[in-house]
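**Q** Sharing work.cif (mmCIF, C-alpha atoms) below.
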```cif
data_coords
loop_
_atom_site.label_atom_id
_atom_site.label_comp_id
_atom_site.auth_asym_id
_atom_site.auth_seq_id
_atom_site.Cartn_x
_atom_site.Cartn_y
_atom_site.Cartn_z
CA MET A 1 -119.41 82.05 -85.97
CA ASP A 2 -121.65 79.23 -87.07
CA TYR A 3 -120.22 79.39 -90.58
CA ALA A 4 -116.66 79.30 -89.21
CA CYS A 5 -117.59 76.22 -87.08
CA ALA A 6 -119.17 74.59 -90.12
CA ARG A 7 -116.07 75.29 -92.20
CA SER A 8 -113.86 73.98 -89.43
CA HIS A 9 -116.01 70.84 -89.08
CA GLN A 10 -115.95 70.24 -92.82
CA HIS A 11 -112.19 70.78 -92.89
CA ASP A 12 -111.77 68.14 -90.16
CA LYS A 13 -113.94 65.69 -92.12
CA ASN A 14 -111.89 66.28 -95.29
CA ARG A 15 -108.68 65.75 -93.38
CA VAL A 16 -109.95 62.44 -91.96
CA GLU A 17 -111.08 61.28 -95.40
CA SER A 18 -107.70 62.17 -96.92
CA ALA A 19 -105.90 60.19 -94.23
CA ARG A 20 -108.19 57.21 -94.83
CA VAL A 21 -107.51 57.30 -98.58
CA ARG A 22 -103.74 57.46 -98.00
CA GLN A 23 -103.96 54.51 -95.61
CA MET A 24 -105.95 52.40 -98.11
CA THR A 25 -103.51 53.28 -100.91
CA MET A 26 -100.59 52.14 -98.75
CA LEU A 27 -102.32 48.82 -97.96
CA VAL A 28 -103.01 48.15 -101.65
CA MET A 29 -99.39 48.90 -102.52
CA LEU A 30 -98.12 46.53 -99.80
CA PHE A 31 -100.52 43.83 -101.04
CA PHE A 32 -99.18 44.02 -104.61
CA VAL A 33 -95.58 44.10 -103.39
CA ALA A 34 -96.24 40.91 -101.40
CA LEU A 35 -97.78 39.19 -104.43
CA LEU A 36 -95.17 40.42 -106.89
CA PRO A 37 -92.80 37.42 -106.65
CA TYR A 38 -95.70 34.96 -107.19
CA ALA A 39 -97.13 37.09 -110.01
CA LEU A 40 -93.76 37.16 -111.78
CA THR A 41 -93.34 33.40 -111.25
CA ALA A 42 -96.84 32.71 -112.55
CA HIS A 43 -96.04 34.52 -115.78
CA LEU A 44 -92.83 32.53 -116.12
CA ALA A 45 -94.56 29.11 -115.92
CA VAL A 46 -97.78 27.73 -117.36
CA ILE A 47 -99.67 24.41 -117.46
CA ASN A 48 -101.37 23.18 -120.61
CA PRO A 49 -104.17 22.34 -121.06
CA GLN A 50 -105.57 25.02 -118.82
CA ASP A 51 -108.76 24.09 -116.89
CA PRO A 52 -109.84 21.11 -119.05
CA VAL A 53 -113.30 19.51 -118.80
CA LEU A 54 -113.18 15.71 -118.97
CA HIS A 55 -115.51 12.73 -118.73
CA ILE A 56 -115.02 10.30 -115.85
CA GLY A 57 -112.59 7.57 -116.91
CA SER A 58 -110.63 9.83 -119.24
CA SER A 59 -106.84 10.14 -119.35
CA LEU A 60 -104.96 13.42 -119.28
CA THR A 61 -101.41 14.49 -120.07
CA ALA A 62 -100.55 17.97 -118.78
CA VAL A 63 -97.33 19.89 -119.52
CA CYS A 64 -95.71 22.47 -117.24
CA THR A 65 -93.53 24.90 -119.24
CA ILE A 66 -91.09 27.11 -117.33
CA GLY A 67 -89.25 30.21 -118.49
CA ALA A 68 -85.47 30.35 -118.67
CA GLU A 69 -85.55 33.33 -116.30
CA LEU A 70 -86.32 30.95 -113.40
CA GLU A 71 -82.87 29.35 -113.82
CA ILE A 72 -84.17 25.88 -112.96
CA THR A 73 -84.62 22.74 -115.03
CA ALA A 74 -87.73 20.69 -115.59
CA ARG A 75 -86.05 17.70 -113.95
CA SER A 76 -86.32 19.41 -110.54
CA LEU A 77 -90.10 19.94 -110.75
CA TYR A 78 -92.81 17.84 -109.09
CA TRP A 79 -96.61 17.67 -109.38
CA THR A 80 -99.53 17.57 -106.90
CA LEU A 81 -103.24 16.89 -107.33
CA ASN A 82 -105.45 18.43 -104.63
CA GLY A 83 -102.37 18.82 -102.43
CA ARG A 84 -101.25 15.16 -102.78
CA ARG A 85 -97.87 14.62 -104.38
CA LEU A 86 -98.09 12.47 -107.49
CA ALA A 87 -95.81 9.49 -108.05
CA ARG A 88 -92.56 10.18 -109.89
CA ASN A 89 -93.28 7.47 -112.46
CA THR A 90 -96.17 9.59 -113.80
CA TYR A 91 -93.71 12.38 -114.83
CA ARG A 92 -91.73 12.81 -117.99
CA VAL A 93 -89.08 15.41 -118.78
CA LEU A 94 -89.80 16.54 -122.30
CA SER A 95 -87.07 19.20 -122.44
CA PRO A 96 -85.03 21.29 -120.03
CA THR A 97 -88.04 23.61 -119.68
CA GLU A 98 -90.95 21.13 -119.96
CA SER A 99 -92.23 18.52 -117.54
CA SER A 100 -95.34 16.43 -118.20
CA VAL A 101 -97.60 14.31 -115.98
CA THR A 102 -100.04 11.64 -117.20
CA LEU A 103 -103.15 10.62 -115.27
CA HIS A 104 -105.31 7.62 -116.23
CA GLN A 105 -108.90 6.62 -115.40
CA LEU A 106 -109.76 9.93 -113.78
CA ASN A 107 -112.43 9.86 -111.10
CA GLY A 108 -115.11 12.52 -110.66
CA SER A 109 -113.87 15.82 -109.27
CA LEU A 110 -113.74 15.94 -105.48
CA GLN A 111 -114.94 19.53 -105.47
CA ARG A 112 -117.29 21.37 -107.78
CA SER A 113 -114.79 24.18 -108.25
CA GLY A 114 -112.45 21.66 -109.91
CA ASP A 115 -109.48 19.55 -108.81
CA ASN A 116 -106.20 21.45 -108.41
CA LEU A 117 -103.34 20.17 -110.56
CA VAL A 118 -100.20 22.10 -109.59
CA CYS A 119 -96.60 22.22 -110.80
CA HIS A 120 -93.97 22.96 -108.07
CA ARG A 121 -90.28 23.74 -107.97
CA SER A 122 -88.15 21.57 -105.69
CA ASN A 123 -88.55 23.84 -102.64
CA GLY A 124 -92.36 23.53 -102.80
CA GLU A 125 -93.01 26.90 -104.42
CA VAL A 126 -96.05 26.91 -106.71
CA LEU A 127 -95.10 27.62 -110.29
CA ALA A 128 -98.40 27.10 -112.14
CA GLY A 129 -101.77 25.44 -111.74
CA SER A 130 -104.76 24.14 -113.68
CA CYS A 131 -108.28 23.16 -112.60
CA LEU A 132 -109.50 19.75 -113.75
CA TYR A 133 -113.26 19.38 -114.17
CA VAL A 134 -114.01 15.66 -114.31
CA GLY A 135 -117.62 14.57 -114.35
CA LEU A 136 -120.69 13.50 -116.29
CA PRO A 137 -123.23 15.27 -118.46
CA PRO A 138 -126.63 15.63 -116.73
CA GLU A 139 -129.31 13.07 -117.45
CA GLU A 140 -132.99 13.89 -117.92
CA PRO A 141 -134.49 15.36 -114.71
CA LEU A 142 -137.25 13.14 -113.31
CA ASN A 143 -140.32 13.24 -111.04
CA LEU A 144 -141.25 16.87 -111.67
CA THR A 145 -144.13 17.80 -109.37
CA CYS A 146 -145.65 21.17 -108.48
CA TRP A 147 -148.08 22.59 -105.95
CA SER A 148 -149.69 25.94 -105.22
CA ARG A 149 -150.31 27.30 -101.75
CA ASN A 150 -153.79 28.83 -101.73
CA THR A 151 -153.60 29.45 -105.55
CA LYS A 152 -151.22 32.39 -104.97
CA ASP A 153 -147.86 30.87 -105.91
CA LEU A 154 -146.23 27.78 -107.40
CA SER A 155 -143.49 25.54 -106.03
CA CYS A 156 -141.91 22.72 -108.02
CA ARG A 157 -139.37 20.03 -107.25
CA TRP A 158 -137.65 17.33 -109.28
CA SER A 159 -134.98 14.66 -109.05
CA PRO A 160 -131.73 14.72 -111.02
CA GLY A 161 -131.61 11.92 -113.56
CA GLY A 162 -129.46 8.80 -113.34
CA GLN A 163 -127.29 8.55 -110.24
CA GLY A 164 -127.92 12.24 -109.57
CA GLU A 165 -124.22 13.14 -109.22
CA THR A 166 -122.41 14.85 -112.10
CA PHE A 167 -119.33 15.86 -110.01
CA ILE A 168 -119.13 19.26 -111.67
CA ASN A 169 -121.32 22.34 -111.45
CA THR A 170 -124.65 21.57 -113.09
CA LYS A 171 -127.29 24.23 -113.59
CA TYR A 172 -131.00 23.45 -113.40
CA ILE A 173 -133.57 25.90 -114.76
CA LEU A 174 -137.32 25.48 -114.25
CA LYS A 175 -139.24 26.89 -117.21
CA TYR A 176 -142.97 27.50 -117.57
CA LYS A 177 -145.45 29.02 -119.99
CA LEU A 178 -149.18 29.17 -120.58
CA LYS A 179 -150.13 26.24 -122.78
CA TRP A 180 -151.80 28.04 -125.66
CA TYR A 181 -150.15 31.42 -125.54
CA GLY A 182 -147.73 33.48 -123.51
CA LYS A 183 -143.99 33.83 -123.27
CA GLU A 184 -141.67 31.21 -121.86
CA LYS A 185 -140.41 32.24 -118.41
CA ASP A 186 -137.60 31.11 -116.13
CA CYS A 187 -138.20 30.45 -112.45
CA GLU A 188 -135.76 32.59 -110.48
CA ASP A 189 -135.98 31.58 -106.79
CA TYR A 190 -133.86 28.48 -106.08
CA THR A 191 -133.11 29.38 -102.46
CA GLY A 192 -135.16 26.56 -100.92
CA GLN A 193 -134.34 22.86 -100.89
CA PRO A 194 -132.06 21.40 -103.59
CA TYR A 195 -133.81 20.76 -106.90
CA THR A 196 -136.72 23.06 -106.10
CA CYS A 197 -137.85 26.42 -107.42
CA TYR A 198 -140.47 28.92 -106.29
CA VAL A 199 -142.66 31.24 -108.39
CA PRO A 200 -144.12 33.77 -105.91
CA ARG A 201 -146.70 35.67 -107.99
CA ASP A 202 -148.29 36.60 -111.31
CA LEU A 203 -149.88 33.22 -112.01
CA ALA A 204 -153.07 32.64 -113.98
CA ILE A 205 -155.89 30.30 -112.98
CA PHE A 206 -158.40 28.47 -115.20
CA THR A 207 -155.60 28.20 -117.79
CA PRO A 208 -153.12 25.29 -117.93
CA TYR A 209 -149.36 25.75 -117.75
CA GLU A 210 -146.61 23.75 -119.41
CA ILE A 211 -143.67 23.24 -117.06
CA TRP A 212 -140.29 21.53 -117.55
CA VAL A 213 -136.70 21.53 -116.25
CA GLU A 214 -133.50 22.02 -118.25
CA ALA A 215 -130.18 20.76 -116.88
CA SER A 216 -126.77 21.72 -118.28
CA ASN A 217 -123.06 21.67 -117.49
CA GLN A 218 -119.81 21.85 -119.42
CA LEU A 219 -120.24 18.30 -120.69
CA GLY A 220 -123.80 18.49 -122.02
CA SER A 221 -127.46 19.23 -121.36
CA SER A 222 -130.79 17.45 -120.93
CA THR A 223 -134.48 18.35 -120.61
CA SER A 224 -137.23 16.75 -118.54
CA ASP A 225 -140.62 15.71 -119.81
CA VAL A 226 -143.11 18.58 -120.00
CA ILE A 227 -145.97 18.42 -117.50
CA THR A 228 -149.25 20.27 -117.98
CA LEU A 229 -151.28 21.49 -115.03
CA ASP A 230 -153.86 24.01 -113.92
CA ILE A 231 -153.02 25.87 -110.72
CA LEU A 232 -156.46 24.95 -109.32
CA ASP A 233 -155.63 21.24 -109.65
CA VAL A 234 -152.55 21.38 -107.41
CA VAL A 235 -153.75 23.53 -104.53
CA THR A 236 -152.59 22.94 -101.00
CA THR A 237 -153.13 25.17 -98.00
CA ASP A 238 -151.85 26.01 -94.55
CA PRO A 239 -152.29 23.55 -91.68
CA PRO A 240 -155.64 23.91 -89.88
CA PRO A 241 -155.46 26.63 -87.21
CA ASP A 242 -156.68 26.67 -83.61
CA VAL A 243 -156.38 22.94 -82.93
CA LEU A 244 -157.89 22.25 -79.51
CA VAL A 245 -157.78 18.89 -77.73
CA SER A 246 -159.84 18.41 -74.56
CA ARG A 247 -161.30 15.75 -72.34
CA VAL A 248 -164.83 14.40 -72.74
CA GLY A 249 -166.07 14.75 -69.20
CA ASP A 250 -164.79 11.90 -67.05
CA LEU A 251 -164.57 9.40 -69.90
CA GLU A 252 -161.11 8.00 -69.48
CA ASP A 253 -160.74 6.58 -73.00
CA GLN A 254 -161.78 9.59 -75.12
CA LEU A 255 -160.56 13.02 -76.22
CA SER A 256 -162.35 15.68 -78.25
CA VAL A 257 -160.46 17.41 -81.12
CA ARG A 258 -161.58 20.68 -82.73
CA TRP A 259 -159.93 22.91 -85.32
CA GLY A 260 -160.55 25.80 -87.70
CA SER A 261 -161.00 25.89 -91.47
CA PRO A 262 -158.10 27.17 -93.64
CA PRO A 263 -158.42 30.97 -93.37
CA ALA A 264 -156.62 31.64 -96.66
CA LEU A 265 -159.36 29.79 -98.58
CA LYS A 266 -162.37 31.27 -96.78
CA ASP A 267 -163.52 33.11 -99.92
CA TYR A 268 -163.03 30.12 -102.23
CA LEU A 269 -165.52 27.51 -103.37
CA PHE A 270 -164.09 24.19 -102.24
CA GLN A 271 -164.66 21.23 -99.94
CA ALA A 272 -162.10 20.52 -97.25
CA LYS A 273 -161.08 17.02 -96.25
CA TYR A 274 -159.25 16.46 -92.99
CA GLN A 275 -156.96 13.84 -91.50
CA ILE A 276 -156.05 13.44 -87.85
CA ARG A 277 -153.14 11.62 -86.34
CA TYR A 278 -152.27 11.04 -82.70
CA ARG A 279 -149.67 9.30 -80.57
CA VAL A 280 -148.93 8.69 -76.94
CA GLU A 281 -146.30 10.82 -75.27
CA ASP A 282 -143.59 8.15 -75.08
CA SER A 283 -143.94 6.87 -78.66
CA ASP A 284 -143.00 8.07 -82.14
CA GLU A 285 -145.66 5.92 -83.81
CA TRP A 286 -148.65 7.87 -85.10
CA LYS A 287 -152.14 6.44 -85.59
CA VAL A 288 -153.96 8.10 -88.50
CA ILE A 289 -157.71 8.67 -88.88
CA ASP A 290 -158.27 9.00 -92.63
CA ASP A 291 -162.00 9.57 -92.56
CA ALA A 292 -162.49 12.74 -90.57
CA GLY A 293 -164.40 14.06 -93.59
CA ASN A 294 -165.14 17.76 -93.92
CA GLN A 295 -166.20 18.40 -90.34
CA THR A 296 -163.98 20.44 -88.01
CA SER A 297 -164.28 18.23 -84.94
CA CYS A 298 -163.72 14.60 -84.08
CA ARG A 299 -163.93 12.30 -81.05
CA LEU A 300 -160.98 9.99 -80.43
CA ALA A 301 -162.14 6.82 -78.65
CA GLY A 302 -160.48 3.67 -77.40
CA LEU A 303 -157.61 5.58 -75.78
CA ARG A 304 -155.63 4.58 -72.71
CA ALA A 305 -156.70 6.12 -69.42
CA GLY A 306 -154.35 8.55 -67.67
CA THR A 307 -152.22 9.01 -70.78
CA VAL A 308 -150.87 12.11 -72.54
CA TYR A 309 -151.64 12.21 -76.27
CA PHE A 310 -150.24 14.47 -78.99
CA VAL A 311 -152.63 15.32 -81.83
CA GLN A 312 -152.09 16.89 -85.27
CA VAL A 313 -154.52 17.78 -88.08
CA ARG A 314 -154.01 18.47 -91.79
CA CYS A 315 -156.25 19.61 -94.63
CA ASN A 316 -156.78 18.71 -98.28
CA PRO A 317 -158.69 21.38 -100.26
CA ILE A 318 -160.73 19.42 -102.78
CA GLY A 319 -162.55 20.82 -105.81
CA VAL A 320 -161.30 24.42 -105.61
CA TYR A 321 -163.54 26.37 -108.00
CA GLY A 322 -164.88 23.11 -109.40
CA SER A 323 -161.54 21.38 -110.05
CA LYS A 324 -161.98 17.65 -110.68
CA LYS A 325 -158.56 16.73 -109.27
CA ALA A 326 -157.80 15.68 -105.73
CA GLY A 327 -156.06 18.43 -103.79
CA ILE A 328 -152.71 18.15 -102.04
CA TRP A 329 -152.46 17.58 -98.31
CA SER A 330 -151.19 20.48 -96.23
CA ASP A 331 -148.42 20.09 -93.69
CA TRP A 332 -149.49 18.75 -90.32
CA SER A 333 -150.42 21.30 -87.68
CA HIS A 334 -148.20 21.75 -84.66
CA SER A 335 -148.75 19.09 -82.02
CA THR A 336 -151.40 19.81 -79.38
CA ALA A 337 -151.31 17.74 -76.19
CA ALA A 338 -153.98 16.62 -73.72
CA SER A 339 -154.34 13.76 -71.27
CA THR A 340 -157.17 11.32 -70.68
CA PRO A 341 -158.59 11.08 -67.12
CA GLY A 342 -157.11 8.42 -64.87
CA ILE A 343 -159.17 5.37 -63.79
CA ASP A 344 -160.83 5.62 -60.36
CA ARG A 345 -159.17 2.80 -58.44
CA SER A 346 -160.74 3.44 -55.03
CA HIS A 347 -162.47 0.03 -55.15
CA ILE A 348 -159.21 -1.87 -55.64
CA GLY A 349 -158.57 -4.16 -52.64
CA SER A 350 -162.23 -4.71 -51.88
CA CYS A 351 -163.16 -8.32 -51.27
CA ASP A 352 -166.57 -7.89 -52.90
CA SER A 353 -165.81 -6.36 -56.25
CA LYS A 354 -168.00 -8.72 -58.31
CA PRO A 355 -171.00 -6.87 -59.85
CA SER A 356 -174.50 -8.18 -59.56
CA GLU A 357 -175.72 -10.83 -61.99
CA HIS A 358 -178.07 -8.27 -63.59
CA ASN A 359 -175.29 -5.75 -64.17
CA SER A 360 -173.01 -8.48 -65.49
CA THR A 361 -175.57 -9.59 -68.06
CA LEU A 362 -176.31 -6.00 -69.09
CA ARG A 363 -172.65 -5.19 -69.51
CA LYS A 364 -172.15 -8.27 -71.63
CA GLU A 365 -175.04 -7.31 -73.88
CA LEU A 366 -173.84 -3.71 -74.15
CA LYS A 367 -170.32 -4.87 -74.90
CA GLN A 368 -171.55 -7.06 -77.73
CA PHE A 369 -173.82 -4.32 -79.05
CA PHE A 370 -171.20 -1.60 -79.06
CA GLY A 371 -168.59 -3.98 -80.39
CA TRP A 372 -170.83 -4.43 -83.39
CA MET A 373 -171.52 -0.69 -83.64
CA ARG A 374 -167.84 0.24 -83.59
CA LYS A 375 -167.05 -2.41 -86.20
CA HIS A 376 -169.60 -0.88 -88.52
CA SER A 377 -168.75 2.77 -87.87
CA TYR A 378 -165.68 4.66 -89.00
CA GLY A 379 -163.43 7.32 -87.50
CA CYS A 380 -165.46 10.27 -86.38
CA THR A 381 -169.01 8.97 -86.92
CA ASP A 382 -171.25 10.64 -84.34
CA VAL A 383 -174.17 8.18 -83.85
CA SER A 384 -172.29 5.32 -82.23
CA ILE A 385 -170.09 7.71 -80.27
CA LYS A 386 -173.07 9.43 -78.66
CA LEU A 387 -174.63 6.11 -77.66
CA TYR A 388 -171.26 4.95 -76.44
CA ASP A 389 -170.93 8.13 -74.34
CA GLN A 390 -174.31 7.50 -72.68
CA TRP A 391 -173.39 3.92 -71.94
CA ARG A 392 -170.01 4.89 -70.45
CA VAL A 393 -171.56 7.57 -68.22
CA TRP A 394 -174.16 5.12 -66.97
CA LEU A 395 -171.51 2.45 -66.40
CA GLN A 396 -169.27 4.76 -64.40
CA LYS A 397 -172.16 5.97 -62.25
CA ALA A 398 -173.25 2.37 -61.60
CA GLN A 399 -169.72 1.44 -60.61
CA LYS A 400 -169.39 4.42 -58.25
CA THR A 401 -172.76 3.59 -56.61
CA HIS A 402 -171.64 0.00 -56.19
CA ASP A 403 -168.38 1.11 -54.59
CA GLN A 404 -170.18 3.50 -52.21
CA VAL A 405 -172.49 0.71 -51.05
CA LEU A 406 -169.50 -1.50 -50.34
CA GLN A 407 -167.74 1.25 -48.42
CA SER A 408 -170.84 2.03 -46.30
CA GLY A 409 -171.30 -1.71 -45.58
CA LYS A 410 -167.77 -1.90 -44.24
CA SER A 411 -168.25 1.10 -41.97
#
```
I'd like the structure from this file rewritten - as structure tokens, please.
**A**
Amino acid sequence: MDYACARSHQHDKNRVESARVRQMTMLVMLFFVALLPYALTAHLAVINPQDPVLHIGSSLTAVCTIGAELEITARSLYWTLNGRRLARNTYRVLSPTESSVTLHQLNGSLQRSGDNLVCHRSNGEVLAGSCLYVGLPPEEPLNLTCWSRNTKDLSCRWSPGGQGETFINTKYILKYKLKWYGKEKDCEDYTGQPYTCYVPRDLAIFTPYEIWVEASNQLGSSTSDVITLDILDVVTTDPPPDVLVSRVGDLEDQLSVRWGSPPALKDYLFQAKYQIRYRVEDSDEWKVIDDAGNQTSCRLAGLRAGTVYFVQVRCNPIGVYGSKKAGIWSDWSHSTAASTPGIDRSHIGSCDSKPSEHNSTLRKELKQFFGWMRKHSYGCTDVSIKLYDQWRVWLQKAQKTHDQVLQSGKS
């Protein structure tokens, strides 16, 4: 019973497959029948030269030759270039079966697949076509630069030489080899940005590479200068993780920023250098702190009270395994936002808001002192910031005490 069901099931499957094959065969036959008139016409007319490659500024004379079987004369033909009908004064009737068209001062091809030069009969039917490739040979690729993410891979980019536009398909190949030995290799992954290539693995360290770019098209070829580099000299890394921005108590003009070291380089001998940038919520202008050094925290001071700030951090791995070259900055981390405390304005409107003469003198002295300190300190230096913190806490407490005395006097 089971075998009979299996046979029946298999028979049904075979029957369905046979029907599908017959259906596909019928569709293919209909397709060729539909194309038959064009196929016959195409064999009865031809354009010469076929698919020429020309320099910009060149002239071209093309000839459309038709077979007698078409029972038409060359005088009835017309020409189009990229679908635009060409002027009649560019044609010549060479014989009853030959029509020519002459084009001068050709511009670069509008499409990389070539410009379409087509010969038509009077009713618009296409008789024959030719692709014109009009362009320039590539010039020497420039500005070849490379970087390695965490020493594991290699990415390179370059600029096309000259004006950069050749108007026809131009192939760029990044090549690399170990300087003193090893086989020349081609980079294979060009799926990123234009004029870039990515080598994902199998790279040596402590040994320099020679790297260059070759450009070629149907009109010529060119090669970039060769650069020599050690992977350890071009290391970049991932943006610092775990960026945290928080308030510093009630200090309305400061924020604390903390972040983590690059995890991918935790087992490497190197010294990290960090940069911080920040902006207010309603601005696109970033302020950069260049001197965050190799610490993983920083205090931003001199901020506006009651304001939302966006903060980003990036890392430069310097001296990986003793490299003498400066590293390459990572991308910036994602923005992290925090707001400074608002100013306590409870004393606004008081008639007696002037501080005592003693407090006024002390504030003046402190202002001068810390003005000098902040002039002579940089970025994230801790000494002046700690003293500044103590002064600000004392100042705020003194102001609150003063306000409370005024309020109690009024009551």
**Q** If we count all atoms listed in the file, what is near segment 251-261 of chain A at a cut-off of 9 Å, once residues fewer than 2 positions away on the same chain are taken out, given as a PyMOL selection string?
**A** chain A and resi 240-249+263-266+272+276+296-306+309+311+313+315+338-343+389+392-393+396
**Q** Do a neighbour search on segment 222-237 of chain A at 9 Å with only C-alpha atoms, toss out local chain neighbours closer than 3 positions, and write the hits as a ChimeraX atom specification.
**A** /A:137-154,161,179,203-216,240,262,264-265,315-331
**Q** Between atom CA of Val308 of chain A and atom CA of Lys273 of chain A, measure the distance and give it in Å to one decimal.
**A**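 For atom CA of Val308 of chain A relative to atom CA of Lys273 of chain A, the distance reads 26.3 Å.
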**Q** Here's the selection I'm unsure about, the PyMOL selection byres ((chain A and resi 187) around 10); applied to the file above, which residues does it give, as a list in words?
**A**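 Those residues are Leu154, Ser155, Cys156, Ile173, Leu174, Lys175, Tyr176, Lys185, Asp186, Glu188, Asp189, Tyr190, Thr196, Cys197, Tyr198, Val199, Pro200 and Val213 of chain A.
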**Q** Expand the PyMOL selection byres ((chain A and resi 102-116) around 6) into the explicit residue set it covers here, and present it as a ChimeraX atom specification.
**A** /A:56-61,81-82,90,101,117,131-135,167-169
**Q** So what does the PyMOL selection byres ((chain A and resi 76) around 12) actually pick up in this one, as a ChimeraX atom specification?
**A** /A:64,66,70-75,77-79,88,91-93,95-99,119-125
**Q** What does the structure give for the distance between atom CA of Tyr195 of chain A and atom CA of Ser159 of chain A, in Å to one decimal?
**A**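 Interatomic distance, atom CA of Tyr195 of chain A to atom CA of Ser159 of chain A: 6.6 Å.
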**Q** I need the residue nearest Val280 of chain A from this list: A:Ala68, A:Leu136, A:Ala337, A:Leu54. Use only C-alpha atoms for the distance.
**A**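 Using only C-alpha atoms, Val280 of chain A sits closest to A:Ala337.
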**Q** Measure the distance from atom CA of Asn217 of chain A to atom CA of Ala128 of chain A in Å and round it to one decimal.
**A** 25.8 Å
**Q** Pick the closest to Val288 of chain A from A:Gln271, A:Gln218, A:Thr307, A:Gln312: which is it, counting all atoms listed in the file?
**A**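 Smallest distance to Val288 of chain A is found for A:Gln312.
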**Q** With distances taken over only C-alpha atoms, which residue among A:Ser335, A:Gly67, A:Tyr268, A:Thr191 lies nearest Glu281 of chain A?
**A** A:Ser335
**Q** Can you sort out segment 337-342 of chain A so it carries all heavy atoms, written as a PDB file, in the frame of the given file?
**A**
```
ATOM      1  N   ALA A 337    -151.311  18.844 -77.157  1.00  0.00           N
ATOM      2  CA  ALA A 337    -151.310  17.740 -76.190  1.00  0.00           C
ATOM      3  C   ALA A 337    -152.473  17.851 -75.210  1.00  0.00           C
ATOM      4  O   ALA A 337    -152.924  18.949 -74.863  1.00  0.00           O
ATOM      5  CB  ALA A 337    -149.991  17.706 -75.419  1.00  0.00           C
ATOM      6  N   ALA A 338    -152.966  16.710 -74.780  1.00  0.00           N
ATOM      7  CA  ALA A 338    -153.980  16.620 -73.720  1.00  0.00           C
ATOM      8  C   ALA A 338    -153.891  15.223 -73.141  1.00  0.00           C
ATOM      9  O   ALA A 338    -153.370  14.301 -73.775  1.00  0.00           O
ATOM     10  CB  ALA A 338    -155.377  16.897 -74.267  1.00  0.00           C
ATOM     11  N   SER A 339    -154.389  15.060 -71.932  1.00  0.00           N
ATOM     12  CA  SER A 339    -154.340  13.760 -71.270  1.00  0.00           C
ATOM     13  C   SER A 339    -155.743  13.250 -71.002  1.00  0.00           C
ATOM     14  O   SER A 339    -156.677  14.026 -70.751  1.00  0.00           O
ATOM     15  CB  SER A 339    -153.549  13.840 -69.964  1.00  0.00           C
ATOM     16  OG  SER A 339    -154.210  14.706 -69.057  1.00  0.00           O
ATOM     17  N   THR A 340    -155.901  11.948 -71.060  1.00  0.00           N
ATOM     18  CA  THR A 340    -157.170  11.320 -70.680  1.00  0.00           C
ATOM     19  C   THR A 340    -157.243  11.222 -69.160  1.00  0.00           C
ATOM     20  O   THR A 340    -156.210  11.140 -68.486  1.00  0.00           O
ATOM     21  CB  THR A 340    -157.271   9.926 -71.293  1.00  0.00           C
ATOM     22  OG1 THR A 340    -156.083   9.188 -70.956  1.00  0.00           O
ATOM     23  CG2 THR A 340    -157.396   9.994 -72.803  1.00  0.00           C
ATOM     24  N   PRO A 341    -158.456  11.232 -68.581  1.00  0.00           N
ATOM     25  CA  PRO A 341    -158.590  11.080 -67.120  1.00  0.00           C
ATOM     26  C   PRO A 341    -158.048   9.731 -66.665  1.00  0.00           C
ATOM     27  O   PRO A 341    -158.070   8.752 -67.423  1.00  0.00           O
ATOM     28  CB  PRO A 341    -160.096  11.190 -66.884  1.00  0.00           C
ATOM     29  CG  PRO A 341    -160.649  11.822 -68.101  1.00  0.00           C
ATOM     30  CD  PRO A 341    -159.762  11.411 -69.235  1.00  0.00           C
ATOM     31  N   GLY A 342    -157.553   9.685 -65.435  1.00  0.00           N
ATOM     32  CA  GLY A 342    -157.110   8.420 -64.870  1.00  0.00           C
ATOM     33  C   GLY A 342    -158.293   7.593 -64.403  1.00  0.00           C
ATOM     34  O   GLY A 342    -159.390   8.101 -64.147  1.00  0.00           O
TER      35      GLY A 342
END
```
